[in-house]
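Peer 1: Before we start, here is the structure in question, set down as C-alpha cells.
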Amino acid sequence: GTPEGRRAAVWRSLLCRAGEAPSDEQLEVALREVAPAEGKLWAVVLAAGGHVAAAVFERKADGPPVAVAHKTFHRYVVRAKAGGRQSTEDNSGRAPKSAGSSLRRHNEAMLNKETTALLDAWADTHLARAERIFVHAPGAAAKAVFASRAMRRDDTRIR
C-alpha cells in the first residue's frame with residue numbers, strides 16, 4: 001500500500017525479469033523506480049498470429065507518456081479454422097502444397113523480414129535509448145523479434 005493507505009497493482013514484469021524472485025524490499029525499491037524519468041523511453045513490441053505492433057513512448061515534463069514512434073502490420077499466416085501458423089503445419093511432416101499454403105509461407109517469411117527490419121531501423125535511435133523494452137512474442141514470432149540486432153534475449157531492459 002501507499003503511505004495514504006491506498007493499494008496499487010503493478011505487473012511484476014515492470015519490476016523484474018521473468019524467472020527472478022526478488023525480495024519484498026527489492027520489489028519496493030523497483031516500484032519507486034518504475035516510472036520512466038523525463039526524457040526516457042519505453043518500447044513495446046507485440047507479435048503473434050501474423051500481427052505485429054511496436055511503439056516507443058517518451059515521458060514529457062508534467063504529462064503522460066507520448067508515442068514518439070509506432071508501427072503495425074499484418075500478414076495472412078494463420079491457417080483459417082485449423083489455427084496455427086503455416087510453418088507449424090509444415091514442420092509436422094505433412095506439408096500441404098496448395099496455393100493457400102504457399103501464400104502463407106511467403107507471408108510468414110515477409111512478416112519475419114519486416115519485423116526484423118523495423119526493429120533494426122529503430123536499433124540505433126529509439127531502442128538504444130529505451131530504458132525498458134516490453135515484449136510479447138510467443139513461439140515463432142519470437143524468432144523474428146530476436147533476429148534483430150537490436151534485441152538480445154540477455155538484455156536486462158527486456159521484460
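Each chain of the C-alpha cells is named A, B, ... in the order shown, its residues numbered from 1; ligands are numbered from 1 in display order.
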A:Ala147: which residues within 12 Å, counting only C-alpha atoms, same-chain residues fewer than 2 positions away excluded, as an MDAnalysis selection string?

Peer 2: chainID A and resid 112:120 140:145 149:153

Peer 1: With C-alpha atoms retained, export the selected residues as a compact mmCIF listing (two decimals), in the first residue's frame.

Peer 2:
```
# COMPACT_ATOMS: atom_id res chain seq x y z
CA ASN A 112 9.67 -12.03 -40.25
CA LYS A 113 11.67 -9.82 -42.64
CA GLU A 114 9.50 -6.74 -41.92
CA THR A 115 9.65 -7.28 -38.15
CA THR A 116 13.42 -7.61 -38.14
CA ALA A 117 13.80 -4.60 -40.48
CA LEU A 118 11.60 -2.41 -38.25
CA LEU A 119 13.50 -3.28 -35.08
CA ASP A 120 16.85 -2.85 -36.87
CA ALA A 140 7.56 -18.46 -33.99
CA ALA A 141 7.03 -14.70 -33.51
CA ALA A 142 9.91 -14.61 -31.00
CA LYS A 143 12.32 -15.82 -33.69
CA ALA A 144 11.57 -12.78 -35.84
CA VAL A 145 11.74 -10.34 -32.93
CA ARG A 149 20.41 -6.86 -33.92
CA ALA A 150 18.57 -4.55 -31.51
CA MET A 151 17.01 -7.36 -29.47
CA ARG A 152 19.08 -9.77 -27.39
CA ARG A 153 17.48 -12.26 -25.03
```

Peer 1: Could you build a table of the residues in stretch 102-146 of chain A lying no more than 7 Å from stretch 47-58 of chain A, giving for each the nearest pair of atoms and their separation in Å rounded to one decimal place, using only C-alpha atoms, ordered by chain and ascending residue number, as JSON lines?

Peer 2:
```
{"residue": "A:His126", "atom": "CA", "partner": "A:Val56", "partner_atom": "CA", "distance": 6.9}
{"residue": "A:His136", "atom": "CA", "partner": "A:Ala47", "partner_atom": "CA", "distance": 6.2}
{"residue": "A:Ala137", "atom": "CA", "partner": "A:Ala47", "partner_atom": "CA", "distance": 4.8}
{"residue": "A:Pro138", "atom": "CA", "partner": "A:Ala48", "partner_atom": "CA", "distance": 6.6}
{"residue": "A:Ala141", "atom": "CA", "partner": "A:Ala47", "partner_atom": "CA", "distance": 5.8}
```

Peer 1: How about saving the chosen residues, C-alpha atoms kept, as a tab-separated table (two decimals), in the first residue's frame?

Peer 2:
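What follows is the written file selection-v3.tsv:
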```
chain	number	residue	atom	x	y	z
A	126	HIS	CA	14.70	4.54	-30.14
A	136	HIS	CA	5.17	-10.33	-26.10
A	137	ALA	CA	6.15	-12.69	-28.89
A	138	PRO	CA	5.24	-16.33	-28.31
A	141	ALA	CA	7.03	-14.70	-33.51
```

Peer 1: Find, counting only C-alpha atoms, the residue in A:Ala109, A:Trp122, A:Gly39, A:Glu25 that gets nearest to A:Asp62.

Peer 2: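 Using only C-alpha atoms, A:Asp62 sits closest to A:Gly39.
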
Peer 1: Taking 2 positions as the minimum chain separation for residues in the same chain, which residues sit within 10 Å of A:Trp42 when counting only C-alpha atoms? Answer as a ChimeraX atom specification.

Peer 2: /A:35-36,40,44,55-59,65,67,126-127,129-134,157

Peer 1: Rank A:Lys97, A:Ser148, A:His74, A:Val68 by their smallest atom-to-atom distance to A:Ala123, using only C-alpha atoms, and report the top residue only.

Peer 2: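 Of A:Lys97, A:Ser148, A:His74, A:Val68, the one nearest A:Ala123, counting only C-alpha atoms, is A:Ser148.
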
Peer 1: Mind listing the helix (DSSP H, G or I) residues of stretch 60-150 of chain A, per DSSP on the backbone, as a PyMOL selection string?

Peer 2: chain A and resi 86-91+99-129+140-145
